[in-house]
Every structure is written in structure tokens, then in C-alpha cells.
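Participant: Sharing upload34.cif (mmCIF, C-alpha atoms) below.
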data_query
loop_
_atom_site.label_atom_id
_atom_site.label_comp_id
_atom_site.auth_asym_id
_atom_site.auth_seq_id
_atom_site.Cartn_x
_atom_site.Cartn_y
_atom_site.Cartn_z
CA MET A 255 0.00 0.00 0.00
CA ARG A 256 2.83 2.41 0.84
CA LEU A 257 4.47 1.76 -2.55
CA LEU A 258 1.21 2.53 -4.33
CA THR A 259 0.73 5.71 -2.33
CA ALA A 260 4.32 6.84 -2.95
CA SER A 261 3.95 6.16 -6.70
CA LEU A 262 0.72 8.13 -6.83
CA ILE A 263 2.28 11.07 -4.98
CA LEU A 264 5.30 11.02 -7.32
CA ALA A 265 3.06 10.87 -10.41
CA LEU A 266 1.07 13.87 -9.20
CA ALA A 267 4.24 15.84 -8.40
CA LEU A 268 5.83 15.39 -11.84
CA PRO A 269 4.96 17.91 -14.56
CA ALA A 270 2.58 16.70 -17.23
CA ALA A 271 4.14 15.51 -20.47
CA ALA A 272 2.27 18.26 -22.32
CA SER A 273 4.49 20.88 -20.68
CA ALA A 274 7.70 19.40 -22.10
CA GLN A 275 9.01 20.40 -25.49
CA ASN A 276 8.01 18.48 -28.61
CA ALA A 277 11.24 17.44 -30.35
CA GLY A 278 9.44 16.48 -33.57
CA GLN A 279 7.69 19.83 -33.82
CA ILE A 280 10.93 21.68 -33.05
CA ALA A 281 12.82 19.75 -35.75
CA SER A 282 10.08 20.48 -38.28
CA ALA A 283 10.07 24.19 -37.42
CA ARG A 284 13.89 24.35 -37.60
CA ARG A 285 13.66 22.93 -41.14
CA GLY A 286 11.41 25.86 -42.06
CA GLN A 287 7.90 24.48 -41.60
CA SER A 288 5.18 26.67 -40.12
CA CYS A 289 3.96 25.30 -36.83
CA PRO A 290 0.92 27.16 -35.45
CA GLY A 291 -0.05 26.03 -31.95
CA CYS A 292 3.06 23.88 -31.60
CA ASN A 293 4.97 23.21 -28.39
CA LEU A 294 8.39 24.71 -29.12
CA PHE A 295 9.39 25.16 -25.46
CA GLN A 296 13.13 25.94 -25.16
CA ALA A 297 13.67 25.48 -28.91
CA ASP A 298 16.97 26.65 -30.40
CA PHE A 299 16.34 28.81 -33.46
CA ALA A 300 19.52 30.89 -32.98
CA GLY A 301 20.98 32.11 -36.26
CA LEU A 302 18.25 30.57 -38.43
CA GLU A 303 16.46 32.32 -41.28
CA LEU A 304 12.74 31.47 -41.07
CA LYS A 305 10.96 34.25 -42.95
CA GLY A 306 7.19 34.31 -43.37
CA ARG A 307 6.41 31.37 -41.08
CA ASN A 308 3.33 30.88 -38.92
CA PHE A 309 3.89 30.23 -35.22
CA ALA A 310 0.56 31.74 -34.09
CA GLY A 311 -0.50 30.37 -30.72
CA ALA A 312 2.73 28.40 -30.35
CA ARG A 313 4.55 27.88 -27.06
CA LEU A 314 8.04 29.29 -27.56
CA ARG A 315 8.73 29.98 -23.90
CA GLN A 316 12.47 30.16 -23.13
CA ALA A 317 13.32 29.65 -26.81
CA ASP A 318 16.55 31.05 -28.26
CA LEU A 319 15.85 33.26 -31.28
CA SER A 320 19.16 35.14 -31.08
CA LEU A 321 20.53 36.43 -34.38
CA SER A 322 17.64 34.79 -36.27
CA VAL A 323 15.87 36.41 -39.22
CA MET A 324 12.11 35.96 -38.95
CA ASN A 325 10.65 38.73 -41.12
CA ARG A 326 6.87 38.57 -41.66
CA THR A 327 6.58 35.69 -39.17
CA ASN A 328 3.31 35.34 -37.27
CA PHE A 329 3.74 35.00 -33.49
CA ALA A 330 0.19 36.22 -32.70
CA ARG A 331 -1.11 34.91 -29.34
CA SER A 332 2.11 32.95 -28.80
CA ASP A 333 3.80 32.29 -25.46
CA LEU A 334 7.16 34.03 -25.82
CA ARG A 335 7.89 34.44 -22.12
CA ASP A 336 11.59 34.50 -21.24
CA VAL A 337 12.62 34.31 -24.92
CA ASN A 338 16.16 35.38 -25.82
CA ALA A 339 16.14 37.17 -29.18
CA TYR A 340 19.38 39.16 -29.01
CA GLY A 341 20.12 40.81 -32.37
CA ALA A 342 17.24 39.10 -34.19
CA VAL A 343 15.40 40.60 -37.17
CA PHE A 344 11.59 40.64 -37.02
CA SER A 345 10.56 43.11 -39.76
CA SER A 346 6.77 43.17 -40.16
CA ALA A 347 6.37 40.23 -37.74
CA SER A 348 3.14 39.96 -35.75
CA PHE A 349 3.33 39.77 -31.97
CA ALA A 350 -0.35 40.76 -31.64
CA GLY A 351 -1.73 39.35 -28.39
CA ALA A 352 1.53 37.52 -27.66
CA ASP A 353 2.98 37.18 -24.16
CA LEU A 354 6.55 38.57 -24.21
CA THR A 355 6.90 38.77 -20.42
CA HIS A 356 10.59 38.99 -19.45
CA ALA A 357 11.72 38.48 -23.05
CA SER A 358 15.12 39.85 -24.07
CA LEU A 359 14.79 41.70 -27.37
CA VAL A 360 18.10 43.51 -26.96
CA GLY A 361 19.39 44.88 -30.26
CA THR A 362 16.47 43.51 -32.27
CA TYR A 363 15.20 45.01 -35.51
CA LEU A 364 11.41 45.38 -35.21
CA GLU A 365 10.48 47.78 -38.02
CA GLY A 366 6.81 47.29 -38.93
CA ALA A 367 6.30 44.66 -36.20
CA ASN A 368 2.78 44.57 -34.73
CA PHE A 369 2.49 44.61 -30.93
CA ALA A 370 -1.27 45.22 -30.62
CA GLY A 371 -2.40 43.73 -27.31
CA ALA A 372 0.99 42.14 -26.60
CA ARG A 373 2.03 41.67 -22.99
CA LEU A 374 5.42 43.37 -22.45
CA GLU A 375 5.98 43.15 -18.69
CA GLY A 376 9.72 43.12 -18.02
CA THR A 377 10.59 42.92 -21.73
CA ASN A 378 14.04 44.38 -22.46
CA PHE A 379 14.14 46.45 -25.67
CA SER A 380 17.61 47.97 -25.09
CA GLY A 381 19.08 48.98 -28.45
CA ALA A 382 16.02 47.79 -30.37
CA GLU A 383 15.04 49.53 -33.60
CA MET A 384 11.27 49.78 -33.41
CA ASP A 385 10.44 53.34 -34.48
CA ARG A 386 8.06 52.02 -37.15
CA ALA A 387 6.49 49.29 -35.00
CA VAL A 388 2.69 49.40 -34.82
CA GLY A 389 0.13 48.66 -32.13
CA LEU A 390 2.34 49.87 -29.29
CA SER A 391 0.84 51.88 -26.45
CA GLN A 392 2.49 53.89 -23.73
CA ALA A 393 0.83 51.58 -21.17
CA GLN A 394 2.57 48.57 -22.73
CA LEU A 395 5.95 50.31 -22.82
CA ASN A 396 5.59 51.44 -19.20
CA GLN A 397 5.86 47.73 -18.27
CA ALA A 398 8.97 47.18 -20.43
CA CYS A 399 12.43 48.75 -20.41
CA GLY A 400 15.04 50.00 -22.83
CA ASP A 401 17.98 52.36 -23.04
CA ALA A 402 19.02 55.60 -24.75
CA SER A 403 19.60 53.75 -28.05
CA THR A 404 16.11 52.18 -28.16
CA GLN A 405 14.30 53.67 -31.16
CA LEU A 406 10.55 54.08 -30.53
CA PRO A 407 7.60 55.39 -32.53
CA ARG A 408 7.15 59.17 -32.23
CA GLY A 409 5.56 60.25 -28.96
CA LEU A 410 6.33 57.05 -27.02
CA ARG A 411 8.96 56.57 -24.35
CA ILE A 412 10.29 53.60 -22.40
CA PRO A 413 11.66 53.33 -18.84
CA ALA A 414 15.38 52.63 -18.49
CA CYS A 415 16.45 49.11 -17.63
#
Could I get this file's structure written as C-alpha cells?
Facilitator:
Amino acid sequence: MRLLTASLILALALPAAASAQNAGQIASARRGQSCPGCNLFQADFAGLELKGRNFAGARLRQADLSLSVMNRTNFARSDLRDVNAYGAVFSSASFAGADLTHASLVGTYLEGANFAGARLEGTNFSGAEMDRAVGLSQAQLNQACGDASTQLPRGLRIPAC
């Protein structure tokens, strides 16, 4: 009886398999396939060129997008919490309704990117070029941070990191 109870307690304490990354979906996305709604948790897309892909509603939490080129890529409603996207290029990408909480977008190129309804709490935009980004509000930027080299749309400002 004790063994059964201990096994049950251990099973309840372990995270569900659904929360782990999906290696097959990550491999497919790395090869350039769109993957809306996929589980790409902690995926490594660093340095890849994946233009015009659809990752809407995908889970990319803690993914590495550093130095990637993802122009016109759809990240709408995606989980991008804790993403590292240092030096990435996201021209005309959609982050509408995405959760970018604590993401590092340091030195990113975000011209024409759509941030309508995106959650930006703790997001670091230091050095980002986003003066032609759309859908940004002062309320969103008040939750994020940047530095003197962060380029914002006219009339908006960002707190220092």
C-alpha cells in the first residue's frame, strides 16, 4: 500500500508531459515548416532564417531566437515568455496578443512589427530599432524597459532598464 501511495504522490508531483518540449515539432520548425499552436518550449532557433512562417498560438517559452531572421513571421497569441532574441530581425512580424513577459529583445530590428495587445511586462528592448512598430501603447511600454539607443515610434517613451 505504501508503494502505491508513494507512486501516486510522485506521479502527481511530476509535470505533465504536455508541458515538455516536442522534439518532432521543433525539428520540423527548424527545417522551415510553419507550426501554429506547436509546443516549441526551449527550442533553439539561434541564427536561423525562417521568414514568413506561422507560429501563431505556439509555445516558444524560453526559446533562443538570437541572431535569427524571422521577417513577416506570425507570433500572434504565442507564449514568448523568457525568450532570448538578441540581435534578431523581425521586420513586419506579428506579436499581436503575444505574451513577451521577461523576453530579451536587446538589439532587435522590429520595423513594422505589430504589438497590438501584446504583454510586455519586463521585456528588455535595449538597443532595439522599433520606431516604425505598430500597435504599441504607452501603457505597454511602461511595463517594459530600454535604453538611450532604443528607437521608438514618435511620442512614445520607455523606462530605463
Participant: Please determine, counting all atoms listed in the file, which residue among A:Ser320, A:Ser332, A:Asn396, A:Thr355 has the shortest atom-to-atom distance to Gly291 of chain A.
Facilitator: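 Checking each of A:Ser320, A:Ser332, A:Asn396, A:Thr355 against Gly291 of chain A, counting all atoms listed in the file, the winner is A:Ser332.
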Participant: Might you pull out every residue within 9 Å of Gln397 of chain A, with all atoms listed in the file counted and same-chain residues fewer than 4 positions away left off, and present them as a PDB file with C-alpha atoms, in the frame of the given file?
Facilitator:
ATOM      1  CA  ARG A 373       2.030  41.670 -22.990  1.00  0.00           C
ATOM      2  CA  LEU A 374       5.420  43.370 -22.450  1.00  0.00           C
ATOM      3  CA  GLU A 375       5.980  43.150 -18.690  1.00  0.00           C
ATOM      4  CA  GLY A 376       9.720  43.120 -18.020  1.00  0.00           C
ATOM      5  CA  THR A 377      10.590  42.920 -21.730  1.00  0.00           C
ATOM      6  CA  GLN A 392       2.490  53.890 -23.730  1.00  0.00           C
ATOM      7  CA  ALA A 393       0.830  51.580 -21.170  1.00  0.00           C
ATOM      8  CA  ILE A 412      10.290  53.600 -22.400  1.00  0.00           C
ATOM      9  CA  PRO A 413      11.660  53.330 -18.840  1.00  0.00           C
TER      10      PRO A 413
END
Participant: Given the point (10.8, 56.4, -26.1) in the coordinates of this file, which residues lie within 12 Å, counting all atoms listed in the file, and how would they look as an MDAnalysis selection string?
Facilitator: chainID A and resid 379:385 390:392 394:396 398:414
Participant: Show which residues sit within 10 Å of Leu304 of chain A, as a list in words. Count all atoms listed in the file, and ignore same-chain residues fewer than 6 positions away.
Facilitator: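 Skipping anything fewer than 6 positions along the chain leaves Ala283, Arg284, Arg285, Gly286, Gln287, Ser288, Ser322, Val323, Met324, Asn325, Arg326 and Thr327 of chain A.
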Participant: Between atom CA of Ala342 of chain A and atom CA of Gly361 of chain A, what is the distance, to one decimal in Å?
Facilitator: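 Taking atom CA of Ala342 of chain A and atom CA of Gly361 of chain A, their separation equals 7.3 Å.
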Participant: To test your reading of the syntax: which residues would the PyMOL selection byres ((chain A and resi 366) around 7) return for the file shown? Reply as a ChimeraX atom specification.
Facilitator: /A:345-346,364-365,367-368,386-388
Participant: Could those residues be written to a file, using C-alpha atoms, as a PDB file, in the coordinates of the input?
Facilitator:
ATOM      1  CA  SER A 345      10.560  43.110 -39.760  1.00  0.00           C
ATOM      2  CA  SER A 346       6.770  43.170 -40.160  1.00  0.00           C
ATOM      3  CA  LEU A 364      11.410  45.380 -35.210  1.00  0.00           C
ATOM      4  CA  GLU A 365      10.480  47.780 -38.020  1.00  0.00           C
ATOM      5  CA  ALA A 367       6.300  44.660 -36.200  1.00  0.00           C
ATOM      6  CA  ASN A 368       2.780  44.570 -34.730  1.00  0.00           C
ATOM      7  CA  ARG A 386       8.060  52.020 -37.150  1.00  0.00           C
ATOM      8  CA  ALA A 387       6.490  49.290 -35.000  1.00  0.00           C
ATOM      9  CA  VAL A 388       2.690  49.400 -34.820  1.00  0.00           C
TER      10      VAL A 388
END
Participant: Pick from A:Leu314, A:Leu302, A:Ala339, A:Leu319: nearest to Gln279 of chain A, with all atoms listed in the file counted?
Facilitator: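 Of all the options, A:Leu314 lies closest to Gln279 of chain A.
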Participant: Care to translate the PyMOL selection byres ((chain A and resi 352) around 9) into actual residues of this file, as an mmCIF file with C-alpha atoms, in the frame of the given file?
Facilitator:
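As a result, expr_24.cif now contains:
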data_model
loop_
_atom_site.group_PDB
_atom_site.id
_atom_site.type_symbol
_atom_site.label_atom_id
_atom_site.label_comp_id
_atom_site.auth_asym_id
_atom_site.auth_seq_id
_atom_site.Cartn_x
_atom_site.Cartn_y
_atom_site.Cartn_z
ATOM 1 C CA ALA A 310 0.560 31.740 -34.090
ATOM 2 C CA GLY A 311 -0.500 30.370 -30.720
ATOM 3 C CA PHE A 329 3.740 35.000 -33.490
ATOM 4 C CA ALA A 330 0.190 36.220 -32.700
ATOM 5 C CA ARG A 331 -1.110 34.910 -29.340
ATOM 6 C CA SER A 332 2.110 32.950 -28.800
ATOM 7 C CA ASP A 333 3.800 32.290 -25.460
ATOM 8 C CA LEU A 334 7.160 34.030 -25.820
ATOM 9 C CA ARG A 335 7.890 34.440 -22.120
ATOM 10 C CA SER A 348 3.140 39.960 -35.750
ATOM 11 C CA PHE A 349 3.330 39.770 -31.970
ATOM 12 C CA ALA A 350 -0.350 40.760 -31.640
ATOM 13 C CA GLY A 351 -1.730 39.350 -28.390
ATOM 14 C CA ASP A 353 2.980 37.180 -24.160
ATOM 15 C CA LEU A 354 6.550 38.570 -24.210
ATOM 16 C CA PHE A 369 2.490 44.610 -30.930
ATOM 17 C CA ALA A 370 -1.270 45.220 -30.620
ATOM 18 C CA GLY A 371 -2.400 43.730 -27.310
ATOM 19 C CA ALA A 372 0.990 42.140 -26.600
ATOM 20 C CA ARG A 373 2.030 41.670 -22.990
ATOM 21 C CA LEU A 374 5.420 43.370 -22.450
#
Participant: If I take atom CA of Val343 of chain A and atom CA of Gly278 of chain A, how far is one from the other in Å, to one decimal?
Facilitator: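 Atom CA of Gly278 of chain A lies at a distance of 25.1 Å from atom CA of Val343 of chain A.
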Participant: To one decimal place, how far is atom CA of Arg307 of chain A from atom CA of Cys289 of chain A in Å?
Facilitator: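 Rounded to one decimal, the two atoms are 7.8 Å apart.
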